[in-house]
$ cat protein-v3.cif   # mmCIF, C-alpha atoms
data_structure
#
loop_
_atom_site.label_atom_id
_atom_site.label_comp_id
_atom_site.auth_asym_id
_atom_site.auth_seq_id
_atom_site.Cartn_x
_atom_site.Cartn_y
_atom_site.Cartn_z
CA MET V 1 -13.45 19.34 2.01
CA THR V 2 -10.83 19.62 -0.71
CA ARG V 3 -7.17 19.17 0.05
CA LEU V 4 -4.93 21.90 -1.33
CA PRO V 5 -1.81 20.85 -3.22
CA PRO V 6 1.45 21.32 -1.32
CA SER V 7 3.31 24.57 -1.82
CA PRO V 8 6.49 24.51 -3.97
CA THR V 9 8.57 24.66 -0.77
CA GLU V 10 6.72 21.67 0.66
CA GLN V 11 7.10 19.74 -2.59
CA GLN V 12 10.83 20.41 -2.61
CA SER V 13 11.31 19.33 1.02
CA LEU V 14 9.01 16.28 0.80
CA GLY V 15 10.32 15.06 -2.52
CA GLU V 16 8.45 12.52 -4.61
CA ARG V 17 5.58 10.96 -2.68
CA ARG V 18 4.65 7.31 -2.87
CA PRO V 19 1.24 6.45 -4.27
CA SER V 20 -1.15 5.25 -1.60
CA GLY V 21 -2.84 1.88 -1.54
CA TRP V 22 -2.08 -1.77 -1.04
CA VAL V 23 -2.42 -5.00 -2.97
CA LEU V 24 -2.68 -8.57 -1.75
CA GLN V 25 -0.43 -11.23 -3.24
CA LYS V 26 -2.13 -14.58 -2.74
CA LEU V 27 0.15 -17.49 -1.92
CA ASP V 28 -0.44 -21.24 -1.70
CA GLY V 29 -2.35 -22.47 1.33
CA GLY V 30 -4.57 -19.39 1.62
CA ARG V 31 -1.73 -17.20 2.83
CA GLY V 32 -0.81 -13.82 1.45
CA VAL V 33 1.52 -10.84 1.46
CA ILE V 34 0.27 -7.26 1.62
CA HIS V 35 2.38 -4.97 -0.57
CA ALA V 36 2.40 -1.21 -1.04
CA VAL V 37 1.02 -0.50 -4.50
CA ASP V 38 4.42 0.66 -5.77
CA CYS V 39 6.39 -2.32 -4.42
CA ASP V 40 8.49 -4.11 -7.05
CA GLU V 41 7.16 -7.47 -5.82
CA ALA V 42 3.46 -6.47 -5.88
CA PRO V 43 1.44 -8.44 -8.44
CA ALA V 44 0.50 -6.15 -11.34
CA ALA V 45 -2.99 -7.60 -11.85
CA ALA V 46 -4.05 -7.47 -8.19
CA PRO V 47 -6.88 -5.08 -7.33
CA LEU V 48 -6.09 -2.00 -5.24
CA LEU V 49 -7.15 -2.37 -1.59
CA THR V 50 -8.40 0.43 0.62
CA LEU V 51 -6.86 0.82 4.05
CA ASP V 52 -9.82 -0.97 5.66
CA LYS V 53 -9.61 -3.92 3.25
CA ALA V 54 -5.82 -4.21 3.72
CA LEU V 55 -6.24 -4.22 7.50
CA ASP V 56 -9.06 -6.76 7.23
CA ALA V 57 -6.87 -9.05 5.11
CA ALA V 58 -4.02 -8.73 7.61
CA GLU V 59 -6.35 -9.56 10.48
CA HIS V 60 -8.36 -12.43 8.97
CA LEU V 61 -6.03 -14.11 6.49
CA PRO V 62 -2.71 -15.59 7.36
CA ALA V 63 -1.15 -12.57 5.62
CA ARG V 64 2.01 -10.69 6.44
CA PRO V 65 3.16 -7.24 5.37
CA CYS V 66 5.93 -6.84 2.82
CA PHE V 67 8.94 -5.07 4.32
CA ARG V 68 10.56 -3.81 1.10
#

$ encode --input "protein-v3.cif" --output "structure tokens"
Amino acid sequence: MTRLPPSPTEQQSLGERRPSGWVLQKLDGGRGVIHAVDCDEAPAAAPLLTLDKALDAAEHLPARPCFR
């Protein structure tokens, strides 16, 4: 199934959409922060995580979401 692009009216009402995806910022002690891919604090070199991998990291690592 292919998703159709939004109509011009939808684009105007929705505005610019954020890119999807998450990245994990690793911290000392095995902890981490899960950032949206377009977050200013997200590490540039971190690999893009799928939704399942981001949820897995949040569940199994001492990781917290970024609230920016």

$ closest_residue --input "protein-v3.cif" --among "V:Gly21, V:Cys39, V:Pro5, V:Pro65" --to "Asp52 of chain V" --atoms "all atoms listed in the file"
V:Gly21

$ closest_residue --input "protein-v3.cif" --among "V:Leu4, V:Ala54, V:Lys26, V:Glu10" --to "Ala42 of chain V" --atoms "only C-alpha atoms"
V:Lys26

$ residues_around --input "protein-v3.cif" --residues "Arg68 of chain V" --least-positions-apart "5" --cutoff "10 Å" --atoms "all atoms listed in the file" --output "list in words"
His35, Ala36, Cys39, Asp40 and Glu41 of chain V

$ residues_around --input "protein-v3.cif" --residues "Arg64 of chain V" --least-positions-apart "2" --cutoff "12 Å" --atoms "only C-alpha atoms" --output "list in words"
Val23, Leu24, Gln25, Lys26, Leu27, Gly30, Arg31, Gly32, Val33, Ile34, His35, Ala54, Leu55, Asp56, Ala57, Ala58, Glu59, His60, Leu61, Pro62, Cys66 and Phe67 of chain V

$ write_last_selection --input "protein-v3.cif" --atoms "C-alpha atoms" --output "PDB file, keeping the file's coordinate frame"
ATOM      1  CA  VAL V  23      -2.420  -5.000  -2.970  1.00  0.00           C
ATOM      2  CA  LEU V  24      -2.680  -8.570  -1.750  1.00  0.00           C
ATOM      3  CA  GLN V  25      -0.430 -11.230  -3.240  1.00  0.00           C
ATOM      4  CA  LYS V  26      -2.130 -14.580  -2.740  1.00  0.00           C
ATOM      5  CA  LEU V  27       0.150 -17.490  -1.920  1.00  0.00           C
ATOM      6  CA  GLY V  30      -4.570 -19.390   1.620  1.00  0.00           C
ATOM      7  CA  ARG V  31      -1.730 -17.200   2.830  1.00  0.00           C
ATOM      8  CA  GLY V  32      -0.810 -13.820   1.450  1.00  0.00           C
ATOM      9  CA  VAL V  33       1.520 -10.840   1.460  1.00  0.00           C
ATOM     10  CA  ILE V  34       0.270  -7.260   1.620  1.00  0.00           C
ATOM     11  CA  HIS V  35       2.380  -4.970  -0.570  1.00  0.00           C
ATOM     12  CA  ALA V  54      -5.820  -4.210   3.720  1.00  0.00           C
ATOM     13  CA  LEU V  55      -6.240  -4.220   7.500  1.00  0.00           C
ATOM     14  CA  ASP V  56      -9.060  -6.760   7.230  1.00  0.00           C
ATOM     15  CA  ALA V  57      -6.870  -9.050   5.110  1.00  0.00           C
ATOM     16  CA  ALA V  58      -4.020  -8.730   7.610  1.00  0.00           C
ATOM     17  CA  GLU V  59      -6.350  -9.560  10.480  1.00  0.00           C
ATOM     18  CA  HIS V  60      -8.360 -12.430   8.970  1.00  0.00           C
ATOM     19  CA  LEU V  61      -6.030 -14.110   6.490  1.00  0.00           C
ATOM     20  CA  PRO V  62      -2.710 -15.590   7.360  1.00  0.00           C
ATOM     21  CA  CYS V  66       5.930  -6.840   2.820  1.00  0.00           C
ATOM     22  CA  PHE V  67       8.940  -5.070   4.320  1.00  0.00           C
TER      23      PHE V  67
END

$ resolve_selection --input "protein-v3.cif" --expression "the PyMOL selection byres ((chain V and resi 48) around 7)" --output "list of chain:residue names"
V:Gly21, V:Trp22, V:Val23, V:Ala46, V:Pro47, V:Leu49, V:Thr50
